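Coordinates from final16.cif are shown below (mmCIF, C-alpha atoms and all ligand atoms).
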data_work
loop_
_atom_site.label_atom_id
_atom_site.label_comp_id
_atom_site.auth_asym_id
_atom_site.auth_seq_id
_atom_site.Cartn_x
_atom_site.Cartn_y
_atom_site.Cartn_z
CA MET A 1 -6.46 55.01 22.77
CA SER A 2 -4.83 56.91 19.96
CA LYS A 3 -5.99 60.35 18.96
CA LYS A 4 -9.12 60.54 16.81
CA TYR A 5 -9.62 62.79 13.80
CA PHE A 6 -12.80 63.71 12.00
CA ILE A 7 -12.15 64.96 8.46
CA THR A 8 -15.30 66.73 7.40
CA GLY A 9 -16.62 68.41 4.25
CA GLY A 10 -14.01 66.99 1.87
CA ILE A 11 -14.58 65.42 -1.54
CA LEU A 12 -13.08 61.99 -2.21
CA ASP A 13 -11.11 61.44 -5.40
CA ASP A 14 -14.16 59.80 -7.04
CA GLY A 15 -16.16 63.01 -6.57
CA SER A 16 -18.34 61.78 -3.71
CA LYS A 17 -18.67 63.74 -0.51
CA LYS A 18 -17.84 61.76 2.60
CA ASP A 19 -16.69 62.54 6.12
CA LEU A 20 -14.02 60.26 7.58
CA LEU A 21 -13.50 59.32 11.22
CA VAL A 22 -9.93 58.17 11.82
CA SER A 23 -8.67 56.32 14.88
CA ASP A 24 -6.13 53.63 15.77
CA GLY A 25 -4.51 53.98 12.35
CA LYS A 26 -7.70 53.22 10.47
CA ILE A 27 -10.84 54.70 9.01
CA ILE A 28 -13.42 53.65 11.60
CA GLY A 29 -16.55 55.41 10.31
CA TYR A 30 -18.19 58.21 8.36
CA GLU A 31 -19.86 60.05 11.23
CA ASN A 32 -18.69 61.75 14.36
CA PRO A 33 -20.56 60.46 17.43
CA VAL A 34 -22.01 62.94 19.93
CA ASN A 35 -19.48 63.84 22.66
CA SER A 36 -16.67 62.59 20.43
CA SER A 37 -13.15 63.60 21.40
CA ALA A 38 -12.05 63.68 17.77
CA GLU A 39 -10.15 66.69 16.45
CA ILE A 40 -12.26 68.23 13.68
CA ILE A 41 -10.42 68.87 10.42
CA ASN A 42 -12.37 71.14 8.09
CA ALA A 43 -11.79 69.84 4.57
CA SER A 44 -14.53 71.74 2.78
CA GLY A 45 -13.49 72.58 -0.76
CA LYS A 46 -10.63 70.12 -0.50
CA ILE A 47 -9.94 66.81 -2.24
CA ILE A 48 -9.05 63.67 -0.30
CA LEU A 49 -6.71 61.29 -2.10
CA PRO A 50 -5.27 57.96 -1.01
CA GLY A 51 -1.73 58.67 0.27
CA LEU A 52 0.69 59.08 -2.62
CA VAL A 53 3.01 56.16 -3.38
CA ASP A 54 6.37 56.91 -5.02
CA LEU A 55 8.05 53.99 -6.78
CA HIS A 56 11.26 55.89 -7.49
CA THR A 57 13.01 57.82 -4.69
CA HIS A 58 16.70 58.38 -3.98
CA LEU A 59 16.93 58.63 -0.18
CA ARG A 60 20.77 58.51 -0.31
CA GLU A 61 21.16 56.68 3.02
CA PRO A 62 23.36 54.77 3.75
CA GLY A 63 26.47 56.59 2.63
CA LYS A 64 25.41 59.92 1.15
CA GLU A 65 23.82 61.57 4.16
CA ASP A 66 25.11 65.00 3.13
CA SER A 67 22.53 64.88 0.30
CA GLU A 68 19.61 63.27 2.11
CA THR A 69 18.70 60.79 4.84
CA VAL A 70 15.79 58.41 5.16
CA LEU A 71 14.41 60.79 7.79
CA SER A 72 14.81 63.99 5.75
CA ALA A 73 13.33 62.30 2.66
CA SER A 74 10.44 61.01 4.78
CA ARG A 75 9.77 64.58 5.92
CA ALA A 76 9.90 65.84 2.35
CA GLY A 77 7.57 63.00 1.38
CA SER A 78 5.06 63.83 4.11
CA LYS A 79 5.05 67.47 2.99
CA GLY A 80 4.46 66.27 -0.56
CA GLY A 81 1.50 64.05 0.36
CA PHE A 82 3.34 60.71 0.24
CA THR A 83 2.65 57.79 2.56
CA ALA A 84 5.08 55.45 0.81
CA LEU A 85 8.51 55.88 -0.77
CA SER A 86 10.59 53.30 -2.63
CA ALA A 87 14.29 53.55 -1.86
CA MET A 88 16.51 53.18 -4.93
CA PRO A 89 19.53 50.98 -4.21
CA ASN A 90 22.34 53.21 -5.54
CA THR A 91 23.54 54.01 -2.03
CA SER A 92 26.93 53.36 -0.44
CA PRO A 93 27.06 50.44 0.15
CA VAL A 94 24.72 49.48 -2.67
CA ALA A 95 21.48 47.79 -1.54
CA ASP A 96 22.39 44.47 -3.14
CA THR A 97 22.15 42.24 -0.05
CA ALA A 98 19.48 41.34 2.50
CA GLY A 99 21.52 43.20 5.14
CA VAL A 100 21.38 46.57 3.38
CA VAL A 101 17.71 46.41 2.37
CA GLU A 102 16.80 45.48 5.96
CA GLN A 103 18.87 48.42 7.21
CA VAL A 104 16.98 50.82 4.90
CA MET A 105 13.66 49.32 5.99
CA ARG A 106 14.59 49.82 9.66
CA LEU A 107 15.62 53.45 9.05
CA GLY A 108 12.19 53.98 7.47
CA ILE A 109 10.41 52.51 10.48
CA GLU A 110 12.50 54.67 12.85
CA ALA A 111 11.66 57.81 10.87
CA GLY A 112 8.03 56.73 11.17
CA LEU A 113 6.54 59.25 8.73
CA CYS A 114 5.76 56.94 5.82
CA ASP A 115 6.43 53.44 4.55
CA VAL A 116 9.91 53.10 3.08
CA PHE A 117 10.05 50.10 0.77
CA PRO A 118 13.61 49.21 -0.29
CA ILE A 119 14.30 48.40 -3.94
CA GLY A 120 17.06 45.81 -4.42
CA ALA A 121 19.88 46.08 -6.93
CA VAL A 122 19.63 43.76 -9.94
CA THR A 123 23.40 43.25 -10.16
CA LYS A 124 26.16 43.22 -7.55
CA ASN A 125 27.44 46.71 -6.89
CA LEU A 126 25.36 47.85 -9.91
CA ASP A 127 28.15 46.65 -12.16
CA GLY A 128 25.79 45.06 -14.68
CA ARG A 129 27.54 41.71 -14.74
CA GLU A 130 26.60 39.37 -11.89
CA LEU A 131 23.12 39.10 -10.37
CA SER A 132 22.88 40.35 -6.78
CA GLU A 133 21.33 38.33 -3.91
CA ILE A 134 17.87 38.79 -5.42
CA GLY A 135 16.33 35.76 -3.70
CA ALA A 136 17.77 36.64 -0.28
CA MET A 137 16.42 40.20 -0.56
CA ALA A 138 12.99 38.89 -1.58
CA ASP A 139 12.98 36.49 1.40
CA SER A 140 14.33 39.09 3.85
CA ALA A 141 12.27 41.04 6.38
CA ALA A 142 12.15 43.83 3.76
CA VAL A 143 10.18 41.53 1.38
CA VAL A 144 11.69 43.22 -1.70
CA ARG A 145 9.59 42.90 -4.87
CA ILE A 146 11.11 45.62 -7.07
CA PHE A 147 14.66 45.31 -8.37
CA SER A 148 16.54 48.00 -10.27
CA ASP A 149 20.06 49.16 -11.10
CA ASP A 150 18.66 52.68 -11.47
CA GLY A 151 21.25 55.24 -12.33
CA HIS A 152 22.67 52.48 -14.50
CA CYS A 153 21.00 50.45 -17.21
CA VAL A 154 21.08 46.66 -17.09
CA SER A 155 22.52 46.81 -20.59
CA ASN A 156 23.66 43.18 -21.04
CA PRO A 157 20.63 41.39 -22.53
CA ALA A 158 21.63 38.00 -21.06
CA VAL A 159 21.82 39.50 -17.55
CA MET A 160 18.49 41.26 -18.06
CA ARG A 161 16.92 38.01 -19.24
CA ARG A 162 18.18 36.10 -16.19
CA ALA A 163 16.94 38.81 -13.83
CA LEU A 164 13.48 38.81 -15.42
CA GLU A 165 13.37 35.01 -15.12
CA TYR A 166 14.53 35.05 -11.50
CA VAL A 167 11.91 37.48 -10.14
CA LYS A 168 9.05 35.37 -11.52
CA LYS A 169 9.50 32.99 -8.56
CA PHE A 170 8.07 35.54 -6.14
CA ASP A 171 6.01 37.82 -8.39
CA GLY A 172 8.76 40.44 -8.53
CA VAL A 173 9.42 43.06 -11.18
CA ILE A 174 12.53 44.52 -12.83
CA ALA A 175 12.47 48.32 -13.02
CA GLN A 176 14.76 49.30 -15.85
CA HIS A 177 16.63 52.59 -16.27
CA ALA A 178 16.56 52.48 -20.07
CA GLN A 179 19.78 54.03 -21.32
CA ASP A 180 22.09 52.36 -23.81
CA PRO A 181 25.52 53.18 -22.34
CA ASP A 182 27.36 53.11 -25.67
CA LEU A 183 24.96 55.60 -27.23
CA THR A 184 25.30 58.00 -24.28
CA ILE A 185 29.03 58.16 -23.51
CA ASN A 186 29.67 61.59 -21.93
CA ALA A 187 26.14 62.65 -22.91
CA GLN A 188 25.05 65.85 -21.20
CA MET A 189 21.57 66.72 -22.47
CA ASN A 190 18.91 65.80 -25.05
CA GLU A 191 20.41 65.40 -28.54
CA GLY A 192 18.86 68.05 -30.76
CA ILE A 193 19.10 71.62 -31.98
CA ILE A 194 19.79 73.01 -28.49
CA SER A 195 22.65 70.57 -27.77
CA SER A 196 24.29 71.50 -31.10
CA VAL A 197 23.94 75.22 -30.36
CA LEU A 198 25.39 74.82 -26.86
CA GLY A 199 28.09 72.39 -27.97
CA LEU A 200 27.08 69.84 -25.33
CA LYS A 201 27.27 66.13 -26.11
CA GLY A 202 23.79 64.92 -27.07
CA TRP A 203 21.76 62.09 -25.54
CA PRO A 204 19.68 60.65 -28.36
CA ALA A 205 16.11 59.45 -27.84
CA ILE A 206 17.11 56.17 -29.49
CA ALA A 207 19.39 55.36 -26.54
CA GLU A 208 16.26 55.08 -24.38
CA GLU A 209 13.94 53.60 -27.00
CA ALA A 210 16.30 50.80 -28.11
CA ILE A 211 16.49 49.45 -24.53
CA ILE A 212 12.71 49.73 -23.99
CA ALA A 213 12.11 47.82 -27.24
CA ARG A 214 14.61 45.10 -26.32
CA ASP A 215 13.27 44.74 -22.79
CA VAL A 216 9.58 44.41 -23.70
CA LEU A 217 10.63 41.59 -26.08
CA LEU A 218 12.67 39.94 -23.31
CA ALA A 219 9.78 40.27 -20.83
CA ASP A 220 7.47 38.69 -23.40
CA HIS A 221 9.94 35.91 -24.14
CA VAL A 222 10.34 34.84 -20.50
CA GLN A 223 6.77 35.84 -19.51
CA SER A 224 7.92 38.11 -16.71
CA ARG A 225 7.08 41.55 -15.39
CA LEU A 226 8.93 44.68 -16.59
CA HIS A 227 8.59 48.25 -15.31
CA VAL A 228 10.13 51.06 -17.36
CA CYS A 229 11.46 53.89 -15.22
CA HIS A 230 11.11 57.56 -16.23
CA VAL A 231 10.00 57.39 -19.89
CA THR A 232 10.92 60.65 -21.64
CA THR A 233 10.37 60.26 -25.38
CA ALA A 234 7.40 60.09 -27.75
CA GLY A 235 9.05 57.07 -29.38
CA GLY A 236 9.30 55.25 -26.05
CA VAL A 237 5.58 55.80 -25.53
CA GLU A 238 4.83 54.21 -28.91
CA ILE A 239 6.87 51.09 -28.08
CA ILE A 240 5.07 50.68 -24.73
CA ARG A 241 1.72 51.17 -26.45
CA TRP A 242 2.66 48.42 -28.93
CA ALA A 243 3.83 46.07 -26.14
CA LYS A 244 0.64 46.56 -24.13
CA ALA A 245 -1.50 45.90 -27.19
CA ARG A 246 0.34 42.59 -27.57
CA GLY A 247 -0.43 41.70 -23.94
CA ILE A 248 3.15 42.05 -22.71
CA ASN A 249 3.34 42.54 -18.93
CA VAL A 250 4.91 45.99 -18.89
CA THR A 251 4.21 49.09 -16.81
CA ALA A 252 5.83 52.50 -17.13
CA GLU A 253 6.36 55.70 -15.19
CA VAL A 254 6.87 59.37 -16.01
CA THR A 255 8.31 62.03 -13.70
CA PRO A 256 6.62 65.38 -13.00
CA HIS A 257 9.64 67.28 -14.38
CA HIS A 258 9.49 65.45 -17.71
CA LEU A 259 5.83 66.51 -18.00
CA LEU A 260 6.71 70.21 -17.74
CA LEU A 261 10.32 71.16 -18.47
CA THR A 262 12.06 71.17 -21.86
CA ASP A 263 15.66 70.95 -23.05
CA ASP A 264 15.85 74.64 -23.99
CA LEU A 265 16.25 75.38 -20.25
CA ALA A 266 19.84 74.20 -20.70
CA THR A 267 20.55 77.49 -22.51
CA SER A 268 20.74 78.98 -19.00
CA TYR A 269 23.73 76.68 -18.35
CA ASP A 270 22.22 76.20 -14.88
CA PRO A 271 22.91 72.58 -13.85
CA VAL A 272 19.70 72.54 -11.82
CA TYR A 273 18.21 71.47 -15.18
CA LYS A 274 20.73 68.66 -15.68
CA VAL A 275 18.96 65.37 -15.14
CA ASN A 276 19.12 61.72 -16.20
CA PRO A 277 17.28 60.96 -18.44
CA PRO A 278 17.48 64.49 -19.85
CA LEU A 279 14.71 67.02 -20.38
CA ARG A 280 13.33 66.54 -23.89
CA THR A 281 11.14 68.62 -26.25
CA GLU A 282 7.59 70.06 -26.38
CA LYS A 283 6.61 67.23 -28.72
CA ASP A 284 7.77 64.64 -26.17
CA ILE A 285 5.94 66.41 -23.34
CA HIS A 286 2.75 66.37 -25.36
CA ALA A 287 3.12 62.61 -26.00
CA LEU A 288 3.94 61.89 -22.34
CA ARG A 289 0.92 63.81 -21.05
CA GLU A 290 -1.39 62.06 -23.51
CA ALA A 291 0.10 58.67 -22.61
CA LEU A 292 -0.36 59.26 -18.88
CA ALA A 293 -3.96 60.35 -19.48
CA GLU A 294 -4.67 57.26 -21.61
CA GLY A 295 -2.92 54.87 -19.22
CA VAL A 296 -0.22 53.83 -21.71
CA ILE A 297 2.10 55.27 -19.06
CA ASP A 298 0.69 53.81 -15.86
CA ILE A 299 2.08 55.97 -13.09
CA VAL A 300 3.84 59.11 -11.94
CA ALA A 301 7.10 58.62 -10.00
CA THR A 302 9.32 61.42 -8.74
CA ASP A 303 12.92 60.23 -9.30
CA HIS A 304 13.63 62.57 -6.37
CA ALA A 305 17.43 62.95 -6.63
CA PRO A 306 18.97 65.23 -4.00
CA HIS A 307 22.52 66.54 -4.43
CA PRO A 308 24.60 68.89 -2.25
CA ALA A 309 25.32 72.38 -3.57
CA GLU A 310 28.95 71.62 -4.51
CA ASN A 311 27.72 68.98 -7.00
CA LYS A 312 25.11 71.26 -8.57
CA GLU A 313 26.48 74.79 -8.35
CA CYS A 314 29.36 74.23 -10.77
CA GLU A 315 30.03 73.88 -14.50
CA TRP A 316 27.33 71.97 -16.43
CA GLN A 317 29.82 69.28 -17.54
CA GLU A 318 30.96 68.58 -13.98
CA ALA A 319 27.53 68.76 -12.32
CA ALA A 320 25.64 65.72 -11.04
CA PHE A 321 22.44 64.54 -12.73
CA GLY A 322 19.20 64.90 -10.77
CA MET A 323 16.46 67.08 -9.29
CA LEU A 324 14.38 67.19 -6.12
CA GLY A 325 10.82 66.01 -6.62
CA LEU A 326 8.91 64.94 -3.52
CA GLU A 327 7.64 68.30 -2.27
CA THR A 328 6.48 69.62 -5.64
CA ALA A 329 5.24 66.45 -7.39
CA LEU A 330 1.52 66.70 -6.72
CA SER A 331 1.41 70.39 -7.61
CA ILE A 332 3.21 69.74 -10.90
CA ILE A 333 0.64 67.03 -11.71
CA ALA A 334 -2.16 69.45 -10.80
CA LEU A 335 -0.62 71.99 -13.19
CA THR A 336 0.19 69.67 -16.11
CA MET A 337 -2.62 67.10 -15.92
CA VAL A 338 -5.58 68.40 -13.85
CA GLU A 339 -5.68 72.06 -14.90
CA THR A 340 -5.33 70.93 -18.52
CA ASN A 341 -8.33 68.58 -18.06
CA LEU A 342 -6.26 65.55 -19.03
CA LEU A 343 -6.92 63.85 -15.67
CA ASP A 344 -9.52 64.20 -12.94
CA TRP A 345 -8.61 63.55 -9.30
CA LYS A 346 -9.66 59.93 -9.58
CA GLY A 347 -7.17 59.57 -12.41
CA VAL A 348 -4.49 61.21 -10.28
CA ALA A 349 -5.27 58.84 -7.36
CA GLN A 350 -4.99 55.87 -9.71
CA ARG A 351 -1.69 56.94 -11.22
CA PHE A 352 -0.03 58.32 -8.14
CA SER A 353 -1.27 55.91 -5.47
CA ARG A 354 -3.33 52.86 -6.41
CA THR A 355 -1.42 51.59 -9.46
CA PRO A 356 2.06 52.19 -7.97
CA ALA A 357 0.94 50.26 -4.85
CA GLN A 358 -0.19 47.40 -7.11
CA ILE A 359 3.05 47.35 -9.11
CA GLY A 360 5.13 47.24 -5.90
CA ARG A 361 2.74 44.77 -4.22
CA TYR A 362 2.57 47.20 -1.31
CA ALA A 363 0.02 46.25 1.33
CA HIS A 364 -2.07 48.97 3.02
CA GLN A 365 -1.24 51.57 0.37
CA GLY A 366 -3.40 52.90 -2.46
CA GLY A 367 -6.57 51.82 -0.70
CA GLU A 368 -10.21 52.86 -0.89
CA PHE A 369 -11.87 54.97 1.77
CA LYS A 370 -13.62 52.09 3.49
CA VAL A 371 -14.19 51.39 7.17
CA GLY A 372 -11.37 49.17 8.44
CA GLU A 373 -8.85 50.40 5.83
CA MET A 374 -5.54 51.86 6.96
CA ALA A 375 -5.83 55.66 7.14
CA ASN A 376 -3.16 56.60 4.58
CA LEU A 377 -4.45 59.72 2.90
CA THR A 378 -3.66 63.17 1.57
CA VAL A 379 -5.81 66.29 1.70
CA ILE A 380 -5.22 68.90 -1.00
CA ASP A 381 -6.76 72.32 -1.52
CA PRO A 382 -6.91 72.52 -5.34
CA ALA A 383 -7.96 76.18 -5.38
CA ALA A 384 -4.98 77.41 -3.35
CA SER A 385 -1.47 77.99 -4.68
CA TRP A 386 2.01 78.40 -3.25
CA ARG A 387 5.43 79.62 -4.30
CA VAL A 388 8.32 77.15 -4.30
CA ASP A 389 11.24 78.34 -2.17
CA ARG A 390 14.33 76.13 -2.21
CA ASP A 391 15.35 77.52 1.18
CA LEU A 392 12.19 76.16 2.79
CA VAL A 393 12.35 72.53 1.60
CA ALA A 394 12.46 69.65 4.07
CA SER A 395 15.03 67.88 1.92
CA ARG A 396 18.68 68.24 2.90
CA SER A 397 19.43 69.41 -0.64
CA ARG A 398 18.26 72.48 -2.55
CA ASN A 399 18.32 71.36 -6.20
CA THR A 400 14.73 72.05 -7.20
CA PRO A 401 14.18 73.29 -10.77
CA PHE A 402 10.86 74.82 -9.66
CA HIS A 403 12.32 77.48 -7.33
CA GLY A 404 10.31 80.70 -7.56
CA MET A 405 7.40 79.14 -9.45
CA GLU A 406 3.82 79.68 -8.31
CA LEU A 407 2.16 76.25 -8.31
CA PRO A 408 -1.46 75.17 -7.88
CA GLY A 409 -2.62 72.80 -5.12
CA VAL A 410 -1.68 73.14 -1.44
CA ILE A 411 -1.45 69.95 0.59
CA THR A 412 -3.04 70.65 3.97
CA GLU A 413 -2.78 67.23 5.64
CA THR A 414 -1.04 63.92 5.10
CA PHE A 415 -2.11 60.99 7.27
CA PHE A 416 0.10 57.91 7.61
CA LYS A 417 -1.48 55.08 9.59
CA GLY A 418 -3.87 57.59 11.11
CA VAL A 419 -1.13 60.01 12.23
CA PRO A 420 -0.96 63.57 10.78
CA THR A 421 2.56 63.39 9.35
CA LEU A 422 2.63 66.61 7.37
CA ARG A 423 2.22 68.58 10.59
CA ASN A 424 4.84 66.43 12.31
CA ALA A 425 7.28 66.98 9.45
CA GLN A 426 6.72 70.75 9.62
CA LEU A 427 7.25 70.73 13.40
CA MET A 428 10.50 68.77 13.07
CA GLN A 429 11.68 71.17 10.37
CA LYS A 430 10.97 74.16 12.64
CA GLU A 431 12.85 72.60 15.54
CA ASN A 432 15.84 71.94 13.33
CA SER A 433 16.03 75.42 11.84
ZN ZN B 1 17.06 56.40 -13.42
#

Represent the structure of the file as structure tokens.
Amino acid sequence: MSKKYFITGGILDDGSKKDLLVSDGKIIGYENPVNSSAEIINASGKIILPGLVDLHTHLREPGKEDSETVLSASRAGSKGGFTALSAMPNTSPVADTAGVVEQVMRLGIEAGLCDVFPIGAVTKNLDGRELSEIGAMADSAAVVRIFSDDGHCVSNPAVMRRALEYVKKFDGVIAQHAQDPDLTINAQMNEGIISSVLGLKGWPAIAEEAIIARDVLLADHVQSRLHVCHVTTAGGVEIIRWAKARGINVTAEVTPHHLLLTDDLATSYDPVYKVNPPLRTEKDIHALREALAEGVIDIVATDHAPHPAENKECEWQEAAFGMLGLETALSIIALTMVETNLLDWKGVAQRFSRTPAQIGRYAHQGGEFKVGEMANLTVIDPAASWRVDRDLVASRSRNTPFHGMELPGVITETFFKGVPTLRNAQLMQKENS
């Protein structure tokens, strides 16, 4: 018999009060029998969410283990309340074959702290020209349903069209990194007043919006499923709103950092704020928050992008794009969406667990708190706060833009298949330090 847990006094995301008895990986009841051996977890004053599901994670393994591994990312995920991560394929080798996606899946199972669902590359070696082994990855043991060249845009419209057509066979989806390459050659930050002042090459909003507009038309034309990664502009939101109103099968994500940070942070010249797509303006943030609240943007995804110090602690021009996200994501959403009354916890659960699980066709994730369901859940104390310290992260990298910030919402437990993984991740981190 596996260990039993009785989570008592907590409030579910829908506002109801319910105690949960967890055993053998599942929720087995709402009461604790007399003489029960269950460990009691006092969750009074805390919110219980379905385990968070990230559709956009760079785990860096295989090939870039100095930045992150599947295990270290799984630890970071457990600390951040995640029970599922989606591994972006821009590894070395690229995850463009059944062999590599199965390897990533196996590494996730070995780490054992959360589900790791591999995303397959759309094109071979992410070169944008020839489709990868999409069918073989879909049929593999990894059962890949999401395909993306993230980090690169599938910029050739004929290739994008073929990819969208191909994934229809097995109910797959193309997740596009919308960035017109010709409009963003050597681009360093958002194109605007700040980029002119700093003399850094600008990254215009139109470079993102033109691809989103083209792709929703392509998805409509071939009647396939499109997911837009990390939307950052008010104009992009308007195109997605238009596409949804027309019944086009499109979903979209926004990252926590794009809901909070603006391009004027670049005046510090600190590359910790260098990210792809770039930080935009207050006006964009306002539009993104409203769109996430309304459901025009469907989900939150982290775009967790670890980099070693030598690639971040250098000149802005030379620095790598990307920020850590897993360990701070839920707190940033609490700050930007819950404390502003734009979303309640049910809305957070929908956008950060249930809808991402639906988009990825992930079984046993984003569930309801019913008897017999897999016990994948996160307990958060919304009244507590914590200070981000980059030296205490579980990630192998340190590139968090939130270092030193006091954030609301402390995650007190994460359960993956009925096992308390947040504690396990903290234990492992202690042993390693
Ligand atoms: Zn991307």

- Query: How would you write, as a list in words, the set of residues no farther than 8 Å from ligand ZN 1 (chain B) when counting all atoms listed in the file?
  - Reply: Asp150, Gly151, His152, Gln176, His177, Ala178, Cys229, His230, Asn276, Pro277 and Asp303 of chain A

Restrict the selected residues to C-alpha atoms and save them as a PDB file, keeping the file's coordinate frame.
ATOM      1  CA  ASP A 150      18.660  52.680 -11.470  1.00  0.00           C
ATOM      2  CA  GLY A 151      21.250  55.240 -12.330  1.00  0.00           C
ATOM      3  CA  HIS A 152      22.670  52.480 -14.500  1.00  0.00           C
ATOM      4  CA  GLN A 176      14.760  49.300 -15.850  1.00  0.00           C
ATOM      5  CA  HIS A 177      16.630  52.590 -16.270  1.00  0.00           C
ATOM      6  CA  ALA A 178      16.560  52.480 -20.070  1.00  0.00           C
ATOM      7  CA  CYS A 229      11.460  53.890 -15.220  1.00  0.00           C
ATOM      8  CA  HIS A 230      11.110  57.560 -16.230  1.00  0.00           C
ATOM      9  CA  ASN A 276      19.120  61.720 -16.200  1.00  0.00           C
ATOM     10  CA  PRO A 277      17.280  60.960 -18.440  1.00  0.00           C
ATOM     11  CA  ASP A 303      12.920  60.230  -9.300  1.00  0.00           C
TER      12      ASP A 303
END

- Spatial neighbours of range 108-118 of chain A, max dist 7 Å, only C-alpha atoms, sep filter under 5 positions, as number ranges by chain: A: 70-71, 74-75, 78, 83-88, 101, 142, 144, 416, 421

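In terms of minimum interatomic distance to Ser37 in chain A, A:Val22 ranks closest within A:Pro50, A:Val22, A:Gly192, A:Leu126, counting only C-alpha atoms.
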
- Query: In Å to one decimal, how far is CA of Val419 in chain A from CA of Lys3 in chain A?
  - Reply: 8.3 Å

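Among the candidates A:Gly202, A:Gly63, A:Gly9, A:Gly15, the residue lying nearest to Ile40 in chain A is A:Gly9 (atoms considered: only C-alpha atoms).
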
- Message: Would you pick out the contacts of Ser23 in chain A at 12 Å or less, using all atoms listed in the file, so that residues sharing its chain but fewer than 5 positions from it are not included, and give the list as a list in words?
- Response: Met1, Ser2, Lys3, Lys4, Tyr5, Phe6, Ile7, Ile28, Gly29, Tyr30, Asn32, Ser36, Ser37, Ala38, Glu39, Val371, Gly372, Glu373, Met374, Ala375, Asn376, Phe415, Phe416, Lys417, Gly418, Val419 and Pro420 of chain A

- Task: Write out as JSON, numbers by chain the residues lying within 8 Å of Arg289 in chain A, counting only C-alpha atoms and excluding same-chain residues fewer than 5 positions away.
- Result: {"A": [259, 336, 337, 342]}

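The space separating CA of Thr267 in chain A from CA of His56 in chain A comes to 27.9 Å.
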
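A straight line drawn from CA of Leu326 in chain A to CA of Tyr269 in chain A is 24.0 Å long.
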
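Shortest atom-to-atom contact with Val275 in chain A among A:His307, A:Lys430, A:Arg129, A:Lys18: A:His307, counting only C-alpha atoms.
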
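Here the question is which of A:Arg351, A:Thr328, A:Leu131, A:Ala309 gets nearest to Arg387 in chain A using only C-alpha atoms, and that residue is A:Thr328.
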
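Among A:Met189, A:Val222, A:Val254, A:Ile41, the residue with the shortest atom-to-atom distance to Trp316 in chain A, counting all atoms listed in the file, is A:Met189.
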
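Here the question is which of A:Gln365, A:Thr414, A:Thr302, A:Asn90 gets nearest to Glu253 in chain A using all atoms listed in the file, and that residue is A:Thr302.
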
Could you add N, CA and C atoms to range 336-348 of chain A and give me the result as a PDB file, in the coordinates of the input?
ATOM      1  N   THR A 336       0.019  70.231 -14.760  1.00  0.00           N
ATOM      2  CA  THR A 336       0.190  69.670 -16.110  1.00  0.00           C
ATOM      3  C   THR A 336      -0.954  68.758 -16.531  1.00  0.00           C
ATOM      4  N   MET A 337      -1.624  68.120 -15.564  1.00  0.00           N
ATOM      5  CA  MET A 337      -2.620  67.100 -15.920  1.00  0.00           C
ATOM      6  C   MET A 337      -4.050  67.446 -15.492  1.00  0.00           C
ATOM      7  N   VAL A 338      -4.220  68.104 -14.337  1.00  0.00           N
ATOM      8  CA  VAL A 338      -5.580  68.400 -13.850  1.00  0.00           C
ATOM      9  C   VAL A 338      -6.073  69.716 -14.447  1.00  0.00           C
ATOM     10  N   GLU A 339      -5.258  70.755 -14.375  1.00  0.00           N
ATOM     11  CA  GLU A 339      -5.680  72.060 -14.900  1.00  0.00           C
ATOM     12  C   GLU A 339      -5.814  72.045 -16.423  1.00  0.00           C
ATOM     13  N   THR A 340      -5.203  71.080 -17.071  1.00  0.00           N
ATOM     14  CA  THR A 340      -5.330  70.930 -18.520  1.00  0.00           C
ATOM     15  C   THR A 340      -6.482  69.993 -18.895  1.00  0.00           C
ATOM     16  N   ASN A 341      -7.191  69.504 -17.871  1.00  0.00           N
ATOM     17  CA  ASN A 341      -8.330  68.580 -18.060  1.00  0.00           C
ATOM     18  C   ASN A 341      -7.936  67.231 -18.663  1.00  0.00           C
ATOM     19  N   LEU A 342      -6.684  66.867 -18.544  1.00  0.00           N
ATOM     20  CA  LEU A 342      -6.260  65.550 -19.030  1.00  0.00           C
ATOM     21  C   LEU A 342      -6.595  64.452 -18.014  1.00  0.00           C
ATOM     22  N   LEU A 343      -6.577  64.811 -16.729  1.00  0.00           N
ATOM     23  CA  LEU A 343      -6.920  63.850 -15.670  1.00  0.00           C
ATOM     24  C   LEU A 343      -7.845  64.522 -14.664  1.00  0.00           C
ATOM     25  N   ASP A 344      -8.789  63.730 -14.115  1.00  0.00           N
ATOM     26  CA  ASP A 344      -9.520  64.200 -12.940  1.00  0.00           C
ATOM     27  C   ASP A 344      -8.802  63.647 -11.701  1.00  0.00           C
ATOM     28  N   TRP A 345      -9.327  63.968 -10.511  1.00  0.00           N
ATOM     29  CA  TRP A 345      -8.610  63.550  -9.300  1.00  0.00           C
ATOM     30  C   TRP A 345      -8.616  62.034  -9.118  1.00  0.00           C
ATOM     31  N   LYS A 346      -9.636  61.393  -9.642  1.00  0.00           N
ATOM     32  CA  LYS A 346      -9.660  59.930  -9.580  1.00  0.00           C
ATOM     33  C   LYS A 346      -8.517  59.357 -10.409  1.00  0.00           C
ATOM     34  N   GLY A 347      -8.293  59.987 -11.564  1.00  0.00           N
ATOM     35  CA  GLY A 347      -7.170  59.570 -12.410  1.00  0.00           C
ATOM     36  C   GLY A 347      -5.830  59.809 -11.737  1.00  0.00           C
ATOM     37  N   VAL A 348      -5.735  60.919 -11.014  1.00  0.00           N
ATOM     38  CA  VAL A 348      -4.490  61.210 -10.280  1.00  0.00           C
ATOM     39  C   VAL A 348      -4.290  60.154  -9.182  1.00  0.00           C
TER      40      VAL A 348
END
